[in-house]
file work-v6.txt (compact mmCIF, C-alpha atoms)
# COMPACT_ATOMS: atom_id res chain seq x y z
CA MET A 1121 4.61 7.75 -28.57
CA VAL A 1122 0.84 7.21 -28.69
CA ALA A 1123 -1.23 10.28 -27.81
CA ILE A 1124 -4.23 9.79 -25.54
CA GLU A 1125 -7.40 11.11 -27.17
CA VAL A 1126 -9.50 12.85 -24.52
CA PRO A 1127 -13.18 12.87 -25.56
CA GLU A 1128 -15.20 16.06 -25.42
CA VAL A 1129 -17.69 15.89 -22.56
CA GLU A 1130 -21.01 17.68 -23.10
CA TYR A 1131 -21.46 19.04 -19.59
CA THR A 1132 -24.46 21.07 -20.73
CA ASP A 1133 -26.44 17.81 -21.06
CA TYR A 1134 -26.26 17.26 -17.29
CA THR A 1135 -27.33 19.27 -14.28
CA ASN A 1136 -25.06 19.91 -11.33
CA ARG A 1137 -27.09 17.47 -9.25
CA GLN A 1138 -26.58 14.74 -11.82
CA LEU A 1139 -22.83 15.36 -11.96
CA ILE A 1140 -22.37 15.42 -8.20
CA ALA A 1141 -24.62 12.44 -7.42
CA ILE A 1142 -22.19 9.68 -8.47
CA PRO A 1143 -19.07 10.86 -6.59
CA LEU A 1144 -21.09 11.67 -3.45
CA ALA A 1145 -22.83 8.26 -3.55
CA ILE A 1146 -19.50 6.43 -3.86
CA LEU A 1147 -18.01 8.57 -1.07
CA ALA A 1148 -21.00 7.73 1.14
CA VAL A 1149 -20.55 3.99 0.51
CA ALA A 1150 -16.83 4.27 1.31
CA LEU A 1151 -17.58 6.10 4.57
CA VAL A 1152 -20.10 3.41 5.54
CA ILE A 1153 -17.46 0.72 4.93
CA LEU A 1154 -14.90 2.58 7.05
CA GLY A 1155 -17.45 3.20 9.78
CA GLY A 1156 -18.47 -0.44 9.85
CA TRP A 1157 -14.82 -1.52 9.95
CA TYR A 1158 -14.15 0.83 12.84
CA LEU A 1159 -17.10 -0.50 14.83
CA ALA A 1160 -16.02 -4.11 14.18
CA THR A 1161 -12.25 -3.81 14.69
CA GLY A 1162 -11.61 -0.50 16.47
CA ALA A 1163 -9.70 0.85 13.44
CA PRO A 1164 -10.85 2.16 10.03
CA ALA A 1165 -8.63 -0.41 8.29
CA ASP A 1166 -6.75 -3.63 9.06
CA LEU A 1167 -3.44 -2.61 10.62
CA GLY A 1168 -0.11 -4.28 9.85
CA VAL A 1169 2.51 -5.44 12.32
CA GLU A 1170 4.24 -2.03 12.26
CA PHE A 1171 1.12 -0.53 13.85
CA THR A 1172 -0.17 -3.35 16.04
CA GLY A 1173 3.05 -5.04 17.13
CA GLY A 1174 3.91 -8.68 16.50
CA ALA A 1175 6.68 -10.97 15.32
CA GLU A 1176 8.54 -11.11 12.02
CA LEU A 1177 10.61 -13.98 10.64
CA ARG A 1178 12.97 -13.61 7.68
CA LEU A 1179 13.39 -16.88 5.84
CA SER A 1180 15.73 -17.99 3.06
CA ALA A 1181 16.23 -21.38 1.42
CA SER A 1182 17.93 -23.97 3.56
CA GLU A 1183 21.15 -25.50 2.18
CA THR A 1184 19.58 -28.93 2.46
CA SER A 1185 16.34 -27.92 0.77
CA ASP A 1186 15.37 -27.98 -2.91
CA LEU A 1187 13.13 -24.92 -2.49
CA GLU A 1188 13.89 -21.87 -4.63
CA MET A 1189 12.92 -18.48 -3.24
CA GLY A 1190 10.26 -16.61 -5.18
CA THR A 1191 8.73 -19.71 -6.75
CA PRO A 1192 5.09 -20.77 -6.30
CA GLU A 1193 6.32 -23.90 -4.53
CA ALA A 1194 8.14 -21.89 -1.85
CA ARG A 1195 5.13 -19.69 -1.19
CA ALA A 1196 2.80 -22.67 -1.14
CA ALA A 1197 5.02 -24.27 1.50
CA LEU A 1198 4.65 -21.19 3.70
CA GLU A 1199 0.91 -20.92 3.11
CA ASP A 1200 0.35 -24.60 3.90
CA PRO A 1201 -1.78 -24.69 7.09
CA ASN A 1202 0.39 -27.57 8.34
CA THR A 1203 3.63 -25.57 8.23
CA PHE A 1204 3.03 -23.32 11.22
CA SER A 1205 1.08 -24.06 14.37
CA ILE A 1206 -0.24 -20.47 14.30
CA GLU A 1207 -1.50 -18.72 11.17
CA PRO A 1208 0.77 -15.97 9.74
CA SER A 1209 -0.86 -12.58 9.30
CA SER A 1210 1.11 -11.90 6.11
CA ILE A 1211 3.75 -13.43 3.85
CA GLN A 1212 5.86 -11.12 1.68
CA TYR A 1213 8.72 -11.86 -0.69
CA ALA A 1214 11.77 -9.57 -0.84
CA PRO A 1215 13.38 -10.38 -4.22
CA GLY A 1216 16.52 -8.33 -3.57
CA ASP A 1217 17.44 -10.50 -0.58
CA GLU A 1218 15.69 -13.63 -1.86
CA THR A 1219 13.93 -13.94 1.47
CA TYR A 1220 10.37 -14.27 2.70
CA ILE A 1221 9.10 -12.03 5.49
CA VAL A 1222 6.51 -13.88 7.56
CA THR A 1223 4.66 -11.91 10.23
CA PHE A 1224 2.52 -13.03 13.16
CA ARG A 1225 0.11 -10.99 15.24
CA PRO A 1226 1.01 -10.44 18.93
CA GLU A 1227 -2.08 -12.18 20.29
CA ASP A 1228 -1.15 -15.36 18.39
CA LEU A 1229 2.45 -15.59 19.65
CA PRO A 1230 3.46 -18.22 22.19
CA GLU A 1231 4.42 -17.20 25.69
CA GLY A 1232 7.99 -15.97 25.92
CA ALA A 1233 8.01 -14.51 22.40
CA GLY A 1234 8.37 -11.06 23.88
CA SER A 1235 11.83 -11.91 25.15
CA GLY A 1236 13.03 -13.03 21.72
CA ASP A 1237 12.06 -16.68 22.00
CA PHE A 1238 9.84 -17.57 19.05
CA GLY A 1239 8.96 -20.90 20.57
CA ASP A 1240 8.37 -23.55 17.93
CA ILE A 1241 7.74 -21.11 15.04
CA ALA A 1242 11.37 -20.94 13.88
CA GLY A 1243 11.72 -24.72 14.15
CA GLU A 1244 8.57 -25.21 12.11
CA ALA A 1245 9.99 -22.98 9.35
CA GLU A 1246 13.24 -24.94 9.33
CA ALA A 1247 11.32 -28.22 9.15
CA ALA A 1248 9.57 -26.91 6.02
CA GLY A 1249 12.92 -26.36 4.29
CA PHE A 1250 13.70 -22.75 5.19
CA ALA A 1251 16.58 -21.16 7.06
CA VAL A 1252 15.80 -18.42 9.59
CA THR A 1253 17.99 -15.40 8.77
CA GLY A 1254 16.31 -12.85 11.04
CA GLU A 1255 13.89 -12.54 13.93
CA ASP A 1256 12.25 -9.35 15.09
CA ILE A 1257 9.50 -8.46 17.54
CA VAL A 1258 7.59 -5.17 17.61
CA SER A 1259 5.90 -4.47 20.93
CA ALA A 1260 2.28 -3.37 20.94
CA SER A 1261 3.18 -0.06 22.60
CA PHE A 1262 5.86 0.72 19.99
CA GLY A 1263 3.47 -0.20 17.18
CA SER A 1264 0.84 2.11 18.65
CA GLY A 1265 3.37 4.95 18.65
CA VAL A 1266 4.30 4.31 15.02
CA GLN A 1267 0.61 4.22 14.13
CA THR A 1268 0.02 7.60 15.74
CA GLN A 1269 3.00 9.15 13.95
CA ALA A 1270 2.14 7.70 10.53
CA LEU A 1271 -1.56 8.53 10.57
CA GLY A 1272 -0.78 11.89 12.15
CA GLY A 1273 1.52 12.55 9.20
CA VAL A 1274 -1.35 11.92 6.78
CA VAL A 1275 -3.62 14.29 8.72
CA ILE A 1276 -0.94 17.01 8.87
CA ALA A 1277 -0.24 16.63 5.14
CA PHE A 1278 -3.96 16.92 4.36
CA LEU A 1279 -4.39 19.98 6.59
CA GLY A 1280 -1.29 21.60 5.12
CA MET A 1281 -2.61 20.98 1.62
CA SER A 1282 -5.97 22.52 2.60
CA VAL A 1283 -4.34 25.66 4.00
CA LEU A 1284 -2.21 26.03 0.85
CA VAL A 1285 -5.25 25.65 -1.42
CA PHE A 1286 -7.24 28.29 0.47
CA ALA A 1287 -4.21 30.61 0.37
CA MET A 1288 -3.92 30.13 -3.41
CA PHE A 1289 -7.56 30.70 -4.41
CA ARG A 1290 -8.81 32.82 -1.48
CA THR A 1291 -12.41 31.92 -2.31
CA PHE A 1292 -14.45 29.34 -0.46
CA VAL A 1293 -16.19 27.27 -3.16
CA PRO A 1294 -13.19 26.58 -5.46
CA SER A 1295 -11.01 25.84 -2.43
CA ILE A 1296 -13.49 23.53 -0.69
CA ALA A 1297 -14.01 21.71 -4.01
CA VAL A 1298 -10.31 20.76 -4.03
CA VAL A 1299 -10.39 19.73 -0.37
CA ILE A 1300 -13.52 17.56 -0.75
CA SER A 1301 -12.09 15.89 -3.85
CA ALA A 1302 -8.81 15.12 -2.08
CA PHE A 1303 -10.69 13.77 0.96
CA SER A 1304 -12.75 11.46 -1.25
CA ASP A 1305 -9.61 10.37 -3.13
CA ILE A 1306 -8.17 9.11 0.18
CA VAL A 1307 -11.32 7.58 1.68
CA ILE A 1308 -12.24 5.48 -1.37
CA PRO A 1309 -8.86 3.65 -1.61
CA VAL A 1310 -8.91 2.91 2.14
CA ALA A 1311 -12.38 1.38 1.77
CA VAL A 1312 -11.14 -0.72 -1.16
CA MET A 1313 -8.15 -1.81 0.95
CA ASN A 1314 -10.58 -3.25 3.49
CA LEU A 1315 -12.56 -5.08 0.83
CA LEU A 1316 -9.40 -6.57 -0.73
CA GLY A 1317 -7.74 -7.45 2.58
CA ILE A 1318 -4.83 -5.01 2.17
CA GLU A 1319 -3.35 -4.00 5.52
CA MET A 1320 -2.48 -0.47 6.55
CA THR A 1321 1.32 -0.41 6.73
CA LEU A 1322 4.02 2.23 6.40
CA GLY A 1323 4.14 1.44 2.68
CA THR A 1324 0.41 1.88 2.13
CA VAL A 1325 0.44 5.10 4.18
CA ALA A 1326 3.09 6.39 1.77
CA ALA A 1327 0.76 5.51 -1.12
CA LEU A 1328 -2.05 7.54 0.51
CA LEU A 1329 0.31 10.52 0.83
CA MET A 1330 1.11 10.19 -2.88
CA ILE A 1331 -2.60 10.24 -3.67
CA ILE A 1332 -2.93 13.62 -1.92
CA GLY A 1333 -0.27 14.99 -4.25
CA TYR A 1334 -1.88 13.51 -7.38
CA SER A 1335 -5.31 14.80 -6.36
CA VAL A 1336 -4.22 18.35 -5.65
CA ASP A 1337 -2.26 18.47 -8.90
CA SER A 1338 -5.25 17.68 -11.12
CA ASP A 1339 -7.71 19.81 -9.12
CA ILE A 1340 -5.48 22.88 -9.09
CA LEU A 1341 -4.92 22.47 -12.83
CA LEU A 1342 -8.70 22.51 -13.35
CA ASN A 1343 -9.37 25.40 -10.97
CA ASN A 1344 -6.60 27.55 -12.45
CA SER A 1345 -7.88 26.93 -15.96
CA VAL A 1346 -11.46 27.89 -15.02
CA LEU A 1347 -10.87 30.79 -12.62
CA ARG A 1348 -8.16 32.45 -14.70
CA ARG A 1349 -9.63 31.53 -18.08
CA THR A 1350 -9.47 33.62 -21.19
CA GLY A 1351 -12.31 31.73 -22.88
CA GLY A 1352 -15.66 30.32 -21.78
CA PHE A 1353 -16.23 28.00 -18.84
CA TYR A 1354 -16.63 24.80 -20.84
CA GLU A 1355 -13.70 25.65 -23.10
CA SER A 1356 -11.52 26.08 -20.00
CA VAL A 1357 -12.71 22.76 -18.53
CA GLN A 1358 -11.95 20.90 -21.76
CA ARG A 1359 -8.51 22.52 -21.96
CA ALA A 1360 -7.72 21.36 -18.42
CA MET A 1361 -9.08 17.88 -19.17
CA ARG A 1362 -6.78 17.40 -22.15
CA THR A 1363 -3.77 17.79 -19.87
CA GLY A 1364 -5.16 16.38 -16.61
CA VAL A 1365 -6.81 13.25 -18.01
CA THR A 1366 -3.72 12.43 -20.07
CA MET A 1367 -1.47 12.67 -16.99
CA THR A 1368 -3.81 10.64 -14.80
CA ILE A 1369 -4.47 7.86 -17.31
CA THR A 1370 -0.73 7.55 -17.94
CA SER A 1371 -0.16 7.20 -14.19
CA ILE A 1372 -2.98 4.64 -13.88
CA ALA A 1373 -1.45 2.56 -16.68
CA ALA A 1374 1.94 2.66 -14.95
CA MET A 1375 0.39 1.57 -11.63
CA ILE A 1376 -1.49 -1.30 -13.29
CA VAL A 1377 1.73 -2.54 -14.92
CA MET A 1378 3.56 -2.29 -11.59
CA THR A 1379 0.76 -4.19 -9.84
CA ILE A 1380 0.81 -7.01 -12.38
CA VAL A 1381 4.61 -7.34 -12.33
CA ALA A 1382 4.68 -7.25 -8.51
CA TRP A 1383 1.93 -9.89 -8.37
CA VAL A 1384 3.80 -12.17 -10.79
CA PHE A 1385 7.03 -11.91 -8.79
CA GLY A 1386 5.30 -12.07 -5.41
CA ILE A 1387 6.31 -8.57 -4.23
CA ASP A 1388 3.29 -7.94 -2.03
CA LEU A 1389 4.14 -4.40 -0.88
CA LEU A 1390 4.58 -3.05 -4.42
CA ARG A 1391 1.42 -4.87 -5.48
CA ASP A 1392 -0.54 -3.25 -2.66
CA ILE A 1393 0.87 0.21 -3.40
CA GLY A 1394 0.02 -0.21 -7.09
CA VAL A 1395 -3.57 -1.20 -6.30
CA ILE A 1396 -4.05 1.71 -3.90
CA LEU A 1397 -2.63 4.27 -6.33
CA ALA A 1398 -4.63 2.90 -9.27
CA VAL A 1399 -7.87 3.07 -7.27
CA GLY A 1400 -7.01 6.52 -5.93
CA LEU A 1401 -6.24 7.86 -9.41
CA CYS A 1402 -9.50 6.47 -10.79
CA ALA A 1403 -11.33 8.15 -7.91
CA ASP A 1404 -9.44 11.36 -8.72
CA LEU A 1405 -10.69 11.30 -12.32
CA MET A 1406 -14.26 10.97 -11.08
CA ASN A 1407 -14.01 13.58 -8.35
CA THR A 1408 -12.12 16.14 -10.42
CA TYR A 1409 -14.29 16.06 -13.54
CA LEU A 1410 -17.67 15.42 -11.91
CA LEU A 1411 -17.63 16.74 -8.34
CA ASN A 1412 -15.17 19.59 -8.80
CA VAL A 1413 -16.57 20.67 -12.18
CA SER A 1414 -20.14 20.78 -10.80
CA LEU A 1415 -19.08 22.98 -7.87
CA LEU A 1416 -17.08 25.27 -10.13
CA ARG A 1417 -20.01 25.58 -12.57
CA TRP A 1418 -22.38 26.41 -9.73
CA TYR A 1419 -19.88 28.98 -8.47
CA SER A 1420 -19.43 30.52 -11.92
CA PHE A 1421 -23.05 30.64 -13.12
CA GLU A 1422 -25.17 30.98 -9.98
CA GLY A 1423 -23.83 34.36 -8.97
CA VAL A 1424 -22.00 33.22 -5.86
CA SER A 1425 -20.37 36.17 -4.10
CA ARG A 1426 -16.64 36.40 -4.70
call {"tool": "encode", "arguments": {"input": "work-v6.txt", "output": "structure tokens"}}
result
Amino acid sequence: MVAIEVPEVEYTDYTNRQLIAIPLAILAVALVILGGWYLATGAPADLGVEFTGGAELRLSASETSDLEMGTPEARAALEDPNTFSIEPSSIQYAPGDETYIVTFRPEDLPEGAGSGDFGDIAGEAEAAGFAVTGEDIVSASFGSGVQTQALGGVVIAFLGMSVLVFAMFRTFVPSIAVVISAFSDIVIPVAVMNLLGIEMTLGTVAALLMIIGYSVDSDILLNNSVLRRTGGFYESVQRAMRTGVTMTITSIAAMIVMTIVAWVFGIDLLRDIGVILAVGLCADLMNTYLLNVSLLRWYSFEGVSR
């Protein structure tokens, strides 16, 4: 097993303003992206069919076709603009079932699709060499309800984490440092999702919930080491970094490997989750050891009332 060598950071060479400037600048850019997206689309991110409603076709290889599921040729056939008369919103491969899941937005569906009639879409898939194994339609009202529940779950998880953190430390500055870091760890990946064209789905919401857990883990490790230290401030920070950075870098490496493998095999959901977690963990490294450390140092050395 190869040990990760965590370099010693000379925090004394930088002021608190210098340490906090980078994470706050990146957070500000992320908030601008989300704000612009909301003004343009009415949502802070592109929403998937689960949240907006729409149609979903499950396709396998036709018995009379030479197409093999999961190959570049099969995906190219689905992405060909001449295959469907309306453009799919997403195409995902499910390797376990050897099927493709093709989704269409509700505003693009032909009349009558709401009653289960997909019009010419199913016929167009069959003409391209696929067999339709499943058809499903999510109404806009149902999708809106799922959206409220899923995003509400993220908000409740974040608020619950905040209450727990304040109950643990019972002091404002160390507690708010954890909360701000966790907030930034969520906002930055969502902004990156918009830039990369990754939709907000139930799977990506689960990834955001995982980021909350990762973020709180590393921040609490740092705060505990500093607030309950037996040595000096910088010694306590370096001790926390040796454990925290090792854990986070290991997780980032695992997410990168998962993303690459999922991309090679065309598993879009796992690829998206891997990207979101990798970005969130990188943001967590920055926020924990720049933003959080600067707030803790200010709290420890500036005589803030405890």
call {"tool": "residues_near_point", "arguments": {"input": "work-v6.txt", "point": "(-1.1, 21.2, -19.4)", "cutoff": "12 Å", "atoms": "all atoms listed in the file", "output": "JSON, numbers by chain"}}
result
{"A": [1337, 1338, 1340, 1341, 1342, 1344, 1345, 1356, 1357, 1358, 1359, 1360, 1361, 1362, 1363, 1364, 1365, 1366, 1367, 1368]}
call {"tool": "residues_near_point", "arguments": {"input": "work-v6.txt", "point": "(-0.2, 18.0, 2.6)", "cutoff": "12 Å", "atoms": "all atoms listed in the file", "output": "mmCIF file with C-alpha atoms, in the frame of the given file"}}
result
data_model
loop_
_atom_site.group_PDB
_atom_site.id
_atom_site.type_symbol
_atom_site.label_atom_id
_atom_site.label_comp_id
_atom_site.auth_asym_id
_atom_site.auth_seq_id
_atom_site.Cartn_x
_atom_site.Cartn_y
_atom_site.Cartn_z
ATOM 1 C CA GLY A 1272 -0.780 11.890 12.150
ATOM 2 C CA GLY A 1273 1.520 12.550 9.200
ATOM 3 C CA VAL A 1274 -1.350 11.920 6.780
ATOM 4 C CA VAL A 1275 -3.620 14.290 8.720
ATOM 5 C CA ILE A 1276 -0.940 17.010 8.870
ATOM 6 C CA ALA A 1277 -0.240 16.630 5.140
ATOM 7 C CA PHE A 1278 -3.960 16.920 4.360
ATOM 8 C CA LEU A 1279 -4.390 19.980 6.590
ATOM 9 C CA GLY A 1280 -1.290 21.600 5.120
ATOM 10 C CA MET A 1281 -2.610 20.980 1.620
ATOM 11 C CA SER A 1282 -5.970 22.520 2.600
ATOM 12 C CA VAL A 1283 -4.340 25.660 4.000
ATOM 13 C CA LEU A 1284 -2.210 26.030 0.850
ATOM 14 C CA VAL A 1285 -5.250 25.650 -1.420
ATOM 15 C CA VAL A 1299 -10.390 19.730 -0.370
ATOM 16 C CA ALA A 1302 -8.810 15.120 -2.080
ATOM 17 C CA PHE A 1303 -10.690 13.770 0.960
ATOM 18 C CA LEU A 1328 -2.050 7.540 0.510
ATOM 19 C CA LEU A 1329 0.310 10.520 0.830
ATOM 20 C CA MET A 1330 1.110 10.190 -2.880
ATOM 21 C CA ILE A 1331 -2.600 10.240 -3.670
ATOM 22 C CA ILE A 1332 -2.930 13.620 -1.920
ATOM 23 C CA GLY A 1333 -0.270 14.990 -4.250
ATOM 24 C CA TYR A 1334 -1.880 13.510 -7.380
ATOM 25 C CA SER A 1335 -5.310 14.800 -6.360
ATOM 26 C CA VAL A 1336 -4.220 18.350 -5.650
ATOM 27 C CA ASP A 1337 -2.260 18.470 -8.900
#
call {"tool": "atom_distance", "arguments": {"input": "work-v6.txt", "atom1": "CA of Leu1316 (chain A)", "atom2": "CA of Arg1391 (chain A)"}}
result
11.9 Å
call {"tool": "atom_distance", "arguments": {"input": "work-v6.txt", "atom1": "CA of Pro1143 (chain A)", "atom2": "CA of Ala1403 (chain A)"}}
result
8.3 Å
call {"tool": "closest_residue", "arguments": {"input": "work-v6.txt", "among": "A:Leu1271, A:Glu1183, A:Ala1311, A:Gly1323", "to": "Val1252 (chain A)", "atoms": "all atoms listed in the file"}}
result
A:Glu1183
